[in-house]
Structures are given as structure tokens and as C-alpha cells.
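In what follows, a single structure is set out as C-alpha cells and then discussed.
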Amino acid sequence: MKKINRKEFLHQISLLTGGMGMGLSNFDAKAYTSTPLAFTQNLAAGNVLVIIQMSGGNDGLNTVIPAEDDLYFSARPTISIKKEVALPVENGMYLHPSMTGLKKLFDDDKVSIVQNVGYANPNRSHFRATDIWNSASDSGTIWDDGWAGRYLSQIYPEFPIKLPKHPMAIQLGSVESLLFQSHRGGFATVFDDPNLFYQLVNGSVADNDLPPATLAGEELAFLKQIASASLQYSTIIKDTANKGKNIQSYPNTSLSKQLSIVAKLISGGLETPIYLANIGGFDTHANQINSHANLLKTLSDAITNFQIDIQNLGLADRVCVMTYSEFGRRVNQNGTAGTDHGTAAPMIFVGNSVKSGLIGSNPNLKVLDSSGDLKYQFDFRQTYTTVLRDHLGATNSSAASLFTGNFERLPIFKSSPDSISDAGSIDLANPWPNPASISTFIQYTVHQSQEVFLAIYDLSGKLINVLVHEIKVKGEYNVSIDVSGWNKGHYIVTLLGSSGKRMTKNLMIN
Amino acid sequence: MPEFSSQNIKHLLNRTLFGFSKEDYFMASAEGSISSLVKKLLQDKSIPEAPNSWVSTTPAQIQQDNGSASTWYKEFTIWWNQLMFKESLSIREKMVLFLHNHFSNERDKVNYPQYMYQQNQLLRKFALGNFKQLAKEICTDPSMLIYLDGNNSRGPQPNENFARELFELFTLGIGNYSETDIKQAAKAVSGWQVKGLESVFDSTRWYKETTLTIFGKTAQFTVNSLIDLVFEQKATAEFICRKLYKEFVYYKPNEAFVQEMATVFKVNNFELKPLLEFLLTSEEFYKASYQGSKIKNPQELIIGTCKLLELPKPDANNWYEMAIILQMQLFNPPNVAGWPGQRNWISSTTYSFRGGFTDSLINGKRYNGAAVTGKLDTLPYIRTFLNAEKVDLLVEDYFFYAFPIPLSKTRKDQLLQTILSGTIVSNWTTYIAMADTRVNSFLKALMRLPEFQLC
């Protein structure tokens with residue numbers, strides 16, 4: 001990120017305080033535009049994350065291919081993909097030839113690929129590795145809830161006592177993933193067909209009976225929770241699906257069908273923030289050439305049609321697709337023209353809001369671990385942290401609390417910190433409580449010493465209160481403000497740093 | 001010895017059978033003691049006849065192209081379902097399913113049912129037999145060779161798939177072996193190929209080293225000596241016993257008891273029958289807290305509900321299609337780890353489909369309108385109950401057979417209201433107007449209760 005000098009910094013403060021609607025090019029004029037519309041355009045408001053799980057362990061090296069690296073060809077004499085047929089992206093890396101759709105999206109600046117994603121002490125069991133990716137635990141720690149489940153627990157603190165109007169998470173399929181489990185129960189509504197789902201739930205009734213305090217009672221409580229969530233959500237899911245639409249026609253594959261339903265539900269107005277879709281079959285131990293090509297084609301075609309669809313529906317700014325798989329595969333091919341279980345692999349992010357390009361260095365095929373597998377460059381929780389903060393709008397502390405600490409963000413989104421070293425020279429958390437009526441806390445973090453300016457504006461852009469304007473050393477700061485005399489309504493908290501970074505959060509007074 | 005109470009008998013039947021009918025329950029009660037009922041359940045039975053002659057035809061591409069393979073798979077699945085439905089007082093088919101889930105193979109990859117049939121009969125042969133011998137035979141079972149890529153795996157550059165799952169899922173459990181052990185074991189199990197319906201060993205495809213080192217022991221390992229070594233590891237007996245405990249008792253294992261089971265298993269040289277006898281006659285198994293704590297798997301729900309309703313000729317096509325929808329198509333587990341079970345059976349969609357299934361047995365049609373044959377003939381059925389004409393006693397009797405745990409007073413009252421639907425207890429007979437409709441509503445509502453998903 002470009003540094004600004006003190007004069008520019010002061011100029012920007014003056015613009016913030018008085019220069020409404022001047023539209024200075026340095027600023028994207030979000031925090032202080034006067035229309036309430038600013039809220040719906042705010043970073044997180046209504047943003048949707050669509051996760052695609054590629055089950056079985058996707059062969060990353062044949063997905064995003066180092067087709068200019070001789071070591072790649074010597075490790076894989078019969079299953080490598082030649083540079084001549086592969087689809088160039090950048091920096092000597094190529095996409096698998098069957099991913100023409102994704103290549104087009106890449107060229108249209110809608111694809112970010114994070115290379116070499118993994119974690120320390122990688123596990124090569126499908127099941128344990130899948131659990132690690134879903135729970136976001138360290139390799140040696142077993143967590144029985146999912147990172148999305150923990151995040152949704154923060155967003156919906158009253159669950160399961162009270163269910164919000166719209167489903168909190170949707171999984172296309174039949175068996176609820178660990179991803180959405182929490183200690184308060186599973187957050188996902190799971191189905192494959194909205195209308196059929198509605199039809200099936202009919203005939204069941206909810207009840208308020210307390211289950212007995214026995215082991216059977218625990219299972220009964222679980223069943224009752226599923227039953228009441230199904231009753232609660234089957235109607236709105238059916239209604240939004242019927243109200244929503246697909247403009248694009250999708251190929252006839254299961255993944256495409258899943259994504260077409262997601263597009264329909266979003267376009268119908270469903271406010272669910274996280275969706276999970278699945279494509280299986282990536283465990284390519286033998287004769288992988290054709291089967292892997294078909295899988296990648298299915299994946300690429302599904303994502304491409306989905307992206308076109310939501311673009312045509314006018315929803316693309318709000319939606320990001322993220323892929324993951326439990327591991328990549330061994331660098332060397334095995335004796336049956338396939339690949340065994342490996343470690344680090346690329347993750348793909350697609351959407352209008354991503355910063356297109358490759359992140360990280362190309363896979364290092366020279367320095368492998370003792371099993372002959374890739375060493376990871378980025379921890380997978382860095383990608384989760386980035387998505388949570390820069391797409392779903394989670395605060396620094398809220399994201400950190402989901403994992404074993406603070407994971408540095410990656411420049412996946414246009415709104416992400418520019419470079420890895422630059423990550424978050426300042427950060428602003430959501431005010432708490434929010435809405436507030438008497439007082440509220442504002443927490444901000446300074447990563448490098450700099451002059452900071454923290455202030456609150458109303459929706460017309462009028463400066464209400466300057467909270468901080470001084471040089472701050474690296475650290476986390478809390479400001480408490482008394483709002484008891486304030487008018488009810490929306491306010492905007494703005495943090496500006498002399499490093500050039502500006503962040504805003506909404507504050508509601510009631 | 002645990003008490004031979006009605007509650008304990010019911011619990012034992014719930015866990016060892018795919019549901020039970022009144023008749024099954026009476027037969028079980030006549031055994032007189034837990035030990036003799038357990039002996040009855042563990043009796044050896046002859047191996048059933050093949051579903052059809054296709055089981056011995058040589059696999060050929062044409063069988064895929066003309067749809068025979070898939071027709072046969074369906075016939076084979078229904079054949080097994082019928083064995084479950086007609087199992088009477090025998091644990092065998094439950095154990096075959098346990099072993100199928102343990103040595104999990106998928107029909108998508110093993111696309112000729114001939115192989116899967118061979119494996120299924122192998123599992124049946126060892127259902128109450130020697131687990132270690134079964135482990136040896138499964139290593140060269142054609143279906144397994146195909147499924148985990150042992151087929152054509154050559155010693156110098158072996159495919160690790162089978163060796164990894166052998167350790168992780170079939171014997172030792174995760175954390176009890178190293179990556180090097182896997183690489184070495186992959187060599188030991190190499191050299192096998194599937195030819196026709198057989199598996200054959202070709203020593204030229206085997207490893208060239210004179211010895212391998214696995215778990216610190218150096219030898220020229222073969223499949224047999226590798227399995228011997230694996231069963232010498234402490235983790236193996238515990239791993240199998242833990243899995244049996246989770247299937248038959250409770251999904252969160254009591255580790256102290258698992259250790260006791262492992263000791264019994266080892267002392268008996270990995271024979272399953274004495275181990276199961278120990279388990280099913282233990283005080284642990286009958287603890288009140290475990291009763292009703294299992295969520296029925298789809299096969300238990302599908303077959304068990306047909307037994308409860310005593311349907312003489314239920315629609316096997318309905319079984320087949322609903323099992324797919326409820327996520328437990330036989331021969332098609334989700335992956336090599338098998339079905340994880342318990343809460344994983346239930347999501348908002350499968351829970352709802354379960355209600356759709358039980359409704360269909362009463363309605364004679366499915367949620368999508370498809371006809372379901374062999375539906376309940378309501379009044380003759382309900383009149384087989386001793387208390388059919390005394391509705392307050394009738395519903396109590398029914399609750400006993402249908403639910404593993406007592407219902408709350410509110411629930412009971414609701415269901416009594418449902419069957420009465422406007423009339424009063426003293427006016428009830430099975431001959432009043434709309435008696436069949438009343439009973440049907442009662443049964444549908446009862447089977448849609450979350451308690452009905454427990455066993």
C-alpha cells in the first residue's frame with residue numbers, strides 16, 4: 001500500500017470532517033457518503049461465501065501446474081501436463097487444460113489462487129485431514145466443531161434458543177459437515193431440492209417437551225433441534241427458491257446443480273451468509289489422467305456458469321467462491337499412473353471482489369519433506385482469516401478467536417491488505433455493544449507506529465466526535481464512548497492511519 | 001448375569017437385529033435368560049444361496065454397457081435386505097453389515113457385483129468367525145484389490161492406498177504407524193492382480209528387496225506375515241473392539257470396557273463369537289443409560305419399521321430407493337471409512353425423508369406419488385394386539401414395541417388424542433367408523449416422532 005505523507009493525511013482528515021461528497025480519487029467515498037445505501041454496500045453487509053469442498057484430495061500440481069519446471073516432468077513421466085496444452089496464467093504457472101472457464105475468469109480478473117496452502121505436520125489420512133480443514137485445528141489437536149460453526153456462533157448468539165428468520169448456513173447434500181458443527185449444535189440446513197424439502201417436512205410438528213436427562217435424551221435433543229430447524233426453514237427456502245431465478249443455464253452435473261440452487265436462493269433474497277457445496281472423486285490413486293481431467297472440467301464449468309449467472313443477476317459483488325480439499329497429492333506419480341496422498345495444494349477464490357492473480361511462490365519441487373511431499377507456504381487458516389475479515393466482515397479479534405491465534409491475512413481480496421508484509425498496518429474492530437444505547441467500546445490495533453485519526457460521523461457526514469488524533473505505537477487500543485445523549489440511528493466509525501489505510505465500521509444507537 | 005427383563009430383552013433385540021416384530025419378541029422372551037438368548041442370537045447358520053446365476057459369470061464390459069451390472073447390483077441389494085428382513089433371532093446379518101462398513105468398498109469403483117457378492121459372502125462366512133483370518137483373506141479379496149488399487153500394484157513403485165487404509169481403518173487406527181511403515185507395507189501387499197473372478201499372485205511383480213522393516217521388525221513380509229505382525233500390535237484388538245462397542249453399545253466408547261473387550265479378543269485368538277458373547281452378556285451392555293441412545297441407521301429404520309408393522313410383503317423397491325435417499329445404499333458407503341453413523345445420519349433433509357418413508361408404508365405411496373406396494377392392512381394388523389379393543393392399553397403396548405425409551409406424558413396424551421380423534425376411550429373399538437383412519441394417523445404421527453429414530 002502506498003504511504004501518504006502527513007500533509008495528505010491531514011488533508012484526508014479535513015475531507016472526512018468537512019469535505020462531503022468531494023470525491024477525491026484517493027478515497028472510494030464509502031464511509032461518508034450521505035445515503036443509507038452506504039450500508040448495503042458496506043464490506044460485509046449481505047456478503048455470501050460459497051465453499052466448494054473437493055473430497056478425496058485434489059492433485060494440486062495437475063490443477064495449477066508448474067509446466068516450466070523440469071522437476072515436475074521428471075517426477076511425473078506419464079501423468080504430467082505439457083506446457084503446450086496447459087492454459088497459462090502467470091509466473092510460469094498454468095491451469096489444467098480442461099479448466100477453460102476458470103482461465104477465462106482469471107483473464108477477466110476474477111480469480112485469485114493461493115499456492116502451497118497447508119499446515120505443519122500434515123496428516124495424510126482423508127478423514128483426519130478433512131477434519132483438520134473443517135475444524136481448523138492444529139494437526140495434533142482434535143476439535144469437534146467446525147470453523148464456520150464457531151463463526152456462526154458469534155453471529156447468532158441466541159442459537160439454538162432462537163432461530164433467525166433465514167437459515168444461518170446451507171449445505172447442499174444430505175449429511176451435515178463438521179464445518180457447521182458447534183458446541184451449540186449444527187448450523188446448517190441441509191437439502192438438495194428446495195421444493196422437495198418443503199414437501200417432506202410437512203406432517204412433522206414441533207414441540208416444547210424437554211428431553212430426559214439421559215444419554216438417549218441427548219440424542220433426542222439433537223433430533224428435536226434438527227426437526228425444528230427443518231420446520232422453521234423449509235418454507236422460506238422454498239419461497240426464496242421460487243422467487244429467485246437462474247439466468248444462465250448450467251451443465252448437467254451435480255456440482256452445477258448445487259451452485260444453480262445457491263444462485264437461485266441468493267437472487268430470491270435469502271440472507272444466508274455461508275453455503276457449502278461438494279464434489280467428490282479426487283482420490284486419484286490410479287489412472288488419473290482422464291478422471292482428473294473430468295473432475296476439473298466439472299469444477300471449472302460449474303464455477304464459471306455460477307459466476308456468469310450471479311453477474312447477470314447483479315449479485316456478483318457480494319459473492320465469493322472458495323475451494324478446498326483435504327490435501328494435495330504426492331509429487332512423484334506412483335506405479336499405477338496415479339498419485340498417492342500428499343500435502344500442500346492451491347486454493348481457488350472466485351468473485352468480483354477478489355484481486356486476481358497468484359499468491360505465493362511456485363511449488364518448490366526441489367526441497368520436499370521426508371515423504372516426498374510439498375512443504376507448505378501458507379497456513380490454511382490464513383485463507384480462512386482473510387475470507388472472514390475481508391469478505392464476511394469479521395473483526396480481527398473475532399477471527400483470531402476462532403483459531404489458535406492470529407493468522408496473517410493474504411491479499412486475496414481487493415479490500416485485503418496489499419502485501420503480506422504490509423498486512424493491516426491498522427485495524428478497526430466492530431464497536432461492542434452494537435447496537436448501543438448507553439456506551440460502547442471501540443477497539444483498534446496499530447501494527448506499525450503511526451499517526452492515527454479515529455472519529456465518528458453521522459449518516460449525513462457530519463463529524464460527531466473525534467476520539468483519537470495522535471501518534472500511536474504498535475499495540476491494541478480501546479476507546480470507550482458515552483452515547484447516552486445521542487440521537488437514535490446509524491453512525492459511522494472511521495479509522496485513518498498515516499500509513500494510508502482507512503477502515504470504517506457501522507454503529508447503531510437505539 | 002443381567003436381568004432377563006422386558007426392557008433388557010428389547011434392548012438386546014434392538015441392537016443385534018434390524019428391528020423386531022411382536023412375534024420375535026415373544027420368541028426371545030421364551031428363551032428364559034439373557035445367556036440363552038445371546039447363545040441363540042450367536043448361533044451359526046448356513047450360508048444362503050446366491051441371488052442368481054450371474055454371481056459366477058466372468059465380468060465383461062458388455063455387462064456395464066447393457067445395464068446388467070446395475071440390475072444385478074439391485075437384485076443383490078434386495079437379496080441382502082430380504083436376509084435382514086427374515087433374519088429372525090440371529091445377529092449374523094448385523095455383523096455382516098458391520099463388517100461391510102468396516103472393510104468398506106464402493107460399488108462405483110467395484111462396478112461388477114460379482115466381486116462384491118464374493119466379498120459379501122466372505123464377510124458372512126466370518127461374521128462370527130476369526131477376525132484375523134478374515135483380515136488376511138480381505139487383503140487379496142478381488143473386490144478389495146480393485147477398490148483400494150492393490151490390483152496391479154508392483155513392488156518397486158507400489159500404490160500406497162491399500163496399505164494406508166489397512167492400518168488406518170481396518171486394523172490399527174490412526175496414530176499407530178509411521179509413513180515409513182505404510183511405504184514398506186505397500187511393498188509387502190504388492191504383486192496381486194485380479195483375473196476373472198480370482199485374485200492371483202505374480203512374484204515378478206513383488207518387491208525386490210530381500211527384507212522389509214515394519215514396526216521395527218525386519219523380515220521378508222508376505223500378506224500373511226504382515227497381518228500376523230499387525231495383530232501382534234496392541235492397538236489392533238483395541239481398535240476392533242472400540243468399533244464393535246460403538247456399533248452395539250454407545251458411540252462414545254467406555255475405554256476401560258474396551259480394554260476388557262480387547263483382552264477377551266486376544267485370549268480367544270481374535271474369534272468374534274466369544275467376544276460378542278462377552279459383550280452381550282455384560283452388565284455394561286445393559287446399563288439403562290445406553291438404552292435408546294443409538295440413532296437408527298437407515299437399514300434399521302427401513303427393515304425395522306416393516307417388521308414392526310408386520311408387513312407380509314413390503315415393497316423391496318421402496319427399500320432400495322429410500323436407502324439411497326437416506327444415505328445408506330448398501331455397497332455404496334461414502335468412502336473407505338464407511339458410514340460414520342449416529343448423528344451423521346440426520347440432517348434436515350434426511351430427517352424429513354425418514355418421515356416420508358414411514359408415511360409411505362401406511363399411505364401406499366411415496367411423497368412423490370410413486371406407488372408403494374404391500375402397504376399396511378391397518379385393522380387386521382391392529383387386531384393382532386391383545387388389547388386392540390382397549391385403546392388406552394393398546395397405545396401403551398404399542399409404545400413398548402415402537403420406542404426404546406418411555407415417552408413423556410404429553411407425548412402419550414397427544415398420541416392417544418390422535419387415535420381417538422374426537423371419540424372417548426370408553427367408546428373405542430376397532431369397529432367404530434373410520435377406525436382405520438384413526439389408527440393410520442396414530443401410526444404416522446408416532447413414527448414421525450424423534451423418539452422413533454432411536455433404538
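Labeling convention for the C-alpha cells: chains A, B, ... as they appear, residues from 1 per chain, ligands from 1 in order of appearance.
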Stretch 61-197 of chain B: which residues are alpha helix (DSSP H) by DSSP, as a PyMOL selection string? chain B and resi 61-65+68-85+92-102+113-125+131-139+142-147+161-165+179-188
Contacts of A:Asn352 at 6 Å or less, counting only C-alpha atoms, minus same-chain residues fewer than 3 places along, as a PDB file with N, CA and C atoms, in the first residue's frame?
ATOM      1  N   LYS A 110     -11.046 -12.210 -12.115  1.00  0.00           N
ATOM      2  CA  LYS A 110     -11.998 -12.650 -11.100  1.00  0.00           C
ATOM      3  C   LYS A 110     -11.508 -13.872 -10.321  1.00  0.00           C
ATOM      4  N   ALA A 316     -22.982 -10.331  -8.145  1.00  0.00           N
ATOM      5  CA  ALA A 316     -21.604 -10.838  -8.107  1.00  0.00           C
ATOM      6  C   ALA A 316     -20.701 -10.089  -7.135  1.00  0.00           C
ATOM      7  N   ASP A 317     -21.046  -8.848  -6.805  1.00  0.00           N
ATOM      8  CA  ASP A 317     -20.168  -8.118  -5.883  1.00  0.00           C
ATOM      9  C   ASP A 317     -20.213  -8.694  -4.478  1.00  0.00           C
TER      10      ASP A 317
END
Show me which bits of chain A are within 6 Å of chain B, counting only C-alpha atoms, as a list of chain:residue names. A:Val175, A:Glu176, A:Thr189, A:Val190, A:Phe191, A:Leu200, A:Val201, A:Leu215, A:Ala216, A:Leu223, A:Ile226, A:Ser230, A:Asn334, A:Gly335
Pull the closest atom pair for each residue of stretch 186-269 of chain B that gets at most 10 Å from stretch 8-19 of chain B, along with the distance in Å to one decimal, counting only C-alpha atoms, ordering rows by chain and then ascending residue number, as JSON lines.
{"residue": "B:Glu247", "atom": "CA", "partner": "B:Arg15", "partner_atom": "CA", "distance": 8.2}
{"residue": "B:Phe248", "atom": "CA", "partner": "B:Arg15", "partner_atom": "CA", "distance": 5.8}
{"residue": "B:Val249", "atom": "CA", "partner": "B:Arg15", "partner_atom": "CA", "distance": 7.8}
Find the residues near B:Gly216: any atom within 12 Å, counting only C-alpha atoms, skip ones fewer than 3 places away on the same chain, and give them as an MDAnalysis selection string. chainID B and resid 177:178 180:181 184 211:213 219 229:230 233
What lies within 10 Å of A:Leu163 using only C-alpha atoms, ignoring chain neighbours under 5 positions off, as an mmCIF file with N, CA and C atoms, in the first residue's frame?
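Generated output (result_31.cif):
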data_model
loop_
_atom_site.group_PDB
_atom_site.id
_atom_site.type_symbol
_atom_site.label_atom_id
_atom_site.label_comp_id
_atom_site.auth_asym_id
_atom_site.auth_seq_id
_atom_site.Cartn_x
_atom_site.Cartn_y
_atom_site.Cartn_z
ATOM 1 N N TYR A 156 -24.718 -15.525 15.598
ATOM 2 C CA TYR A 156 -26.067 -15.842 16.079
ATOM 3 C C TYR A 156 -25.985 -16.310 17.531
ATOM 4 N N PRO A 157 -25.739 -15.363 18.438
ATOM 5 C CA PRO A 157 -25.509 -15.769 19.828
ATOM 6 C C PRO A 157 -26.722 -16.421 20.480
ATOM 7 N N GLU A 158 -27.905 -16.212 19.915
ATOM 8 C CA GLU A 158 -29.088 -16.781 20.561
ATOM 9 C C GLU A 158 -29.430 -18.194 20.095
ATOM 10 N N MET A 168 -29.023 -20.054 8.748
ATOM 11 C CA MET A 168 -27.726 -19.479 9.098
ATOM 12 C C MET A 168 -26.618 -20.003 8.201
ATOM 13 N N PHE A 187 -25.274 -25.753 12.518
ATOM 14 C CA PHE A 187 -25.888 -24.536 12.000
ATOM 15 C C PHE A 187 -26.507 -24.705 10.617
ATOM 16 N N SER A 228 -36.877 -29.017 14.420
ATOM 17 C CA SER A 228 -37.480 -27.687 14.465
ATOM 18 C C SER A 228 -36.820 -26.742 13.470
ATOM 19 N N ALA A 229 -35.503 -26.898 13.235
ATOM 20 C CA ALA A 229 -34.868 -26.057 12.208
ATOM 21 C C ALA A 229 -35.451 -26.370 10.831
ATOM 22 N N GLN A 232 -38.750 -24.763 10.614
ATOM 23 C CA GLN A 232 -38.603 -23.315 10.550
ATOM 24 C C GLN A 232 -38.187 -22.853 9.158
ATOM 25 N N TYR A 233 -37.277 -23.590 8.516
ATOM 26 C CA TYR A 233 -36.652 -23.054 7.300
ATOM 27 C C TYR A 233 -37.189 -23.606 5.989
#
For A:Ser55: contacts at 6 Å, only C-alpha atoms, fewer than 3 positions along chain excluded, given as a PyMOL selection string: chain A and resi 280+282+325
Residue nearest A:Ser177 among B:Pro340, B:Ala370, B:Ser56, B:Cys241 (counting only C-alpha atoms):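 Using only C-alpha atoms, A:Ser177 sits closest to B:Pro340.
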Have a look at B:Leu443, B:Ala388, B:Ile62, B:Leu394 and name the one nearest to B:Ile362; count only C-alpha atoms. B:Leu443
Do you know which residues are at most 10 Å from stretch 44-52 of chain B counting only C-alpha atoms, after dropping those on the same chain fewer than 4 positions away, and could you put them as a list in words?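 In the requested form, the answer reads Lys39, Lys40, Ser56, Trp72, Glu75, Phe76, Thr77, Ile78, Trp79, Trp80, Leu83, Ser90, Ile91, Arg92, Tyr117, Gln118, Gln121, Leu122, Arg124, Lys125, Ala127, Leu128, Gly129 and Lys273 of chain B.
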In Å and to one decimal, atom CA of B:Thr437 is distant from atom CA of B:Leu379 by 9.5 Å
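Comparing the minimum interatomic distances between B:Met95 and each of B:Lys109, B:Lys234, B:Lys243, B:Lys375, counting only C-alpha atoms, we find that B:Lys243 sits nearest.
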What parts of stretch 246-406 of chain A does DSSP call strand (DSSP E)? I'd like the answer as a ChimeraX atom specification. /A:274-279,319-325,345-350,357-359,378-379
